[in-house]
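S.K.: Structure provided below as structure tokens; questions to follow.
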Amino acid sequence: MTARRNALSSHPLLRRQAARDHLLPPDLVARLAADDDLGVRVLLAQNHPDAPAALLLRSFLEYTGPERSHLTTRPNFPTDGLAAFADHEDPEVRALAARDPETQPSAVARLTQDPEYAVRAAATRHPNLPQTRLAVLLDDEELAHDAAANAALDSDTIGRLLRTDGLRVRPPA
């Protein structure tokens with residue numbers, strides 16, 4: 001009953017308290033997800049197991065404080081449509097494009113050359129990365145480990161990595 005009263009309060013600190021409750025019913029989750037207060041929305045996104053996808057993405061885009069990256073690990077964090085952020089000024093937001101299975105190969109390849117390592121690494125693991133670029137990255141000291149984790153690696157390359165303990169990626173000339 002206290003959580004309901006707090007969630008319906010006009011005072012943002014009480015609504016923030018309610019937003020921390022893991023057991024909030026769906027009607028209160030929906031109400032707090034649309035709250036005017038960023039703190040209420042972020043706390044709900046961080047704490048409720050059924051936080052809606054739109055709330056998680058909105059919170060990630062608007063909140064730049066501690067635990068921001070944790071929002072992407074929430075069960076309902078969206079993947080569709082994230083390719084639209086490939087050119088965003090914030091590198092953490094740009095990296096979201098690597099989570100979208102529909103990100104175009106050309107955008108993924110471009111992101112492997114991003115100024116920020118986290119963006120480059122995320123893009124290097126994307127299955128839409130063109131094979132020619134992936135082969136180059138397997139020889140890149142900084143990104144080789146991420147490239148080796150790419151699910152799109154062909155079986156010949158995987159076999160060569162295993163046989164050579166990752167020391168020789170390209171086939172002999």
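Ordered as shown in the structure tokens, chains take letters A, B, and onward, while each chain numbers its residues from 1 and ligands are numbered from 1 in the order shown.
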Using only C-alpha atoms, determine which residues lie at most 10 Å from Leu71 (chain A), disregarding the query and same-chain residues fewer than 2 positions distant; provide the list as a list in words.
M.R.: Val42, Ala45, Gln46, Asn47, Leu55, Leu56, Leu57, Ser59, Phe60, Glu67, Arg68, Ser69, Thr73, Arg74, Pro75, Asn76 and Phe77 of chain A
S.K.: What gap, in Å, lies between CA of Leu153 (chain A) and CA of Pro78 (chain A)?
M.R.: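 It comes out at 25.1 Å.
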S.K.: Nearest residue to Ala107 (chain A) out of A:Ala95, A:Leu23, A:Leu137, A:Ala54, using only C-alpha atoms?
M.R.: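 Checking each of A:Ala95, A:Leu23, A:Leu137, A:Ala54 against Ala107 (chain A), counting only C-alpha atoms, the winner is A:Ala95.
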S.K.: For CA of Pro49 (chain A) and CA of Asp35 (chain A), determine how far apart the two atoms are, in Å to one decimal place.
M.R.: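 Going from CA of Pro49 (chain A) over to CA of Asp35 (chain A) covers 17.8 Å.
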S.K.: Which parts of region 19-170 of chain A does DSSP call alpha helix (DSSP H) when run on the backbone here, written out as a VMD selection string?
M.R.: chain A and resid 19 26 to 33 38 to 47 53 to 62 91 to 94 105 to 111 117 to 124 131 to 138 144 to 148 155 to 163
S.K.: Extract, using only C-alpha atoms, all DNA, RNA and protein residues at most 9 Å from Arg4 (chain A), discarding same-chain residues fewer than 4 positions from it, and format them as a PyMOL selection string.
M.R.: chain A and resi 8-9+18+24-25+28
S.K.: Considering only C-alpha atoms, return as a list in words whatever protein or nucleic-acid residues lie within 7 Å of region 121-124 of chain A, sequence-local ones (same chain, fewer than 4 positions apart) excluded.
M.R.: Ala95, Ala98, Val108, Leu111, Thr112, Tyr117, Leu129, Leu143, Asp146 and Ala147 of chain A
S.K.: Which residue gives the smallest distance to Thr103 (chain A) among A:Asp27, A:Asp80, A:Asp154, A:Asp139, with only C-alpha atoms counted?
M.R.: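 Between A:Asp27, A:Asp80, A:Asp154, A:Asp139, the residue approaching Thr103 (chain A) most closely is A:Asp80.
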S.K.: Please identify all polymer residues within 8 Å of Ala33 (chain A), counting only C-alpha atoms, omitting same-chain residues fewer than 3 positions from it, and present them as a PyMOL selection string.
M.R.: chain A and resi 29-30+40-41+44-45+51-52+55
S.K.: Please produce an output containing all heavy atoms for each residue in the selection, written as a CSV table (one decimal), in the first residue's frame.
M.R.:
chain,number,residue,atom,x,y,z
A,29,VAL,N,3.8,0.7,-12.9
A,29,VAL,CA,5.0,0.7,-13.8
A,29,VAL,C,4.7,1.6,-14.9
A,29,VAL,O,5.5,2.5,-15.3
A,29,VAL,CB,5.3,-0.7,-14.2
A,29,VAL,CG1,6.4,-0.7,-15.3
A,29,VAL,CG2,5.8,-1.6,-13.0
A,30,ALA,N,3.5,1.5,-15.6
A,30,ALA,CA,3.2,2.3,-16.7
A,30,ALA,C,3.1,3.8,-16.3
A,30,ALA,O,3.6,4.7,-17.0
A,30,ALA,CB,1.8,1.9,-17.3
A,40,VAL,N,12.8,9.4,-11.4
A,40,VAL,CA,11.8,8.3,-11.3
A,40,VAL,C,11.9,7.3,-12.4
A,40,VAL,O,12.0,6.1,-12.2
A,40,VAL,CB,10.4,9.0,-11.3
A,40,VAL,CG1,9.3,7.9,-11.3
A,40,VAL,CG2,10.2,9.8,-10.0
A,41,ARG,N,12.0,7.8,-13.6
A,41,ARG,CA,12.1,6.9,-14.8
A,41,ARG,C,13.4,6.0,-14.7
A,41,ARG,O,13.3,4.8,-15.0
A,41,ARG,CB,12.1,7.7,-16.1
A,41,ARG,CG,10.8,8.4,-16.3
A,41,ARG,CD,10.7,9.0,-17.7
A,41,ARG,NE,11.8,9.8,-18.1
A,41,ARG,CZ,11.9,11.1,-17.9
A,41,ARG,NH1,11.0,11.8,-17.3
A,41,ARG,NH2,13.0,11.7,-18.4
A,44,LEU,N,13.1,3.4,-12.0
A,44,LEU,CA,12.2,2.3,-12.4
A,44,LEU,C,12.9,1.4,-13.4
A,44,LEU,O,12.9,0.2,-13.3
A,44,LEU,CB,11.0,2.9,-13.0
A,44,LEU,CG,9.9,1.9,-13.5
A,44,LEU,CD1,9.3,1.2,-12.3
A,44,LEU,CD2,8.8,2.6,-14.3
A,45,ALA,N,13.6,2.0,-14.4
A,45,ALA,CA,14.3,1.2,-15.4
A,45,ALA,C,15.4,0.4,-14.8
A,45,ALA,O,15.6,-0.8,-15.2
A,45,ALA,CB,15.0,2.2,-16.4
A,51,ALA,N,10.5,-3.5,-16.6
A,51,ALA,CA,10.6,-2.2,-17.2
A,51,ALA,C,10.4,-2.2,-18.7
A,51,ALA,O,11.1,-3.1,-19.4
A,51,ALA,CB,12.0,-1.6,-16.8
A,52,PRO,N,9.5,-1.4,-19.3
A,52,PRO,CA,9.3,-1.5,-20.7
A,52,PRO,C,10.5,-1.1,-21.5
A,52,PRO,O,11.3,-0.3,-21.1
A,52,PRO,CB,8.2,-0.5,-20.9
A,52,PRO,CG,7.7,-0.1,-19.6
A,52,PRO,CD,8.7,-0.4,-18.6
A,55,LEU,N,11.1,2.6,-22.1
A,55,LEU,CA,11.6,3.3,-20.9
A,55,LEU,C,13.1,3.0,-20.8
A,55,LEU,O,13.9,3.9,-20.5
A,55,LEU,CB,10.9,2.8,-19.6
A,55,LEU,CG,11.5,3.3,-18.3
A,55,LEU,CD1,11.4,4.8,-18.1
A,55,LEU,CD2,10.9,2.5,-17.2
S.K.: At what distance in Å, to one decimal, does CA of Asp36 (chain A) lie from CA of Thr72 (chain A)?
M.R.: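 Here the two named atoms are 21.8 Å from each other.
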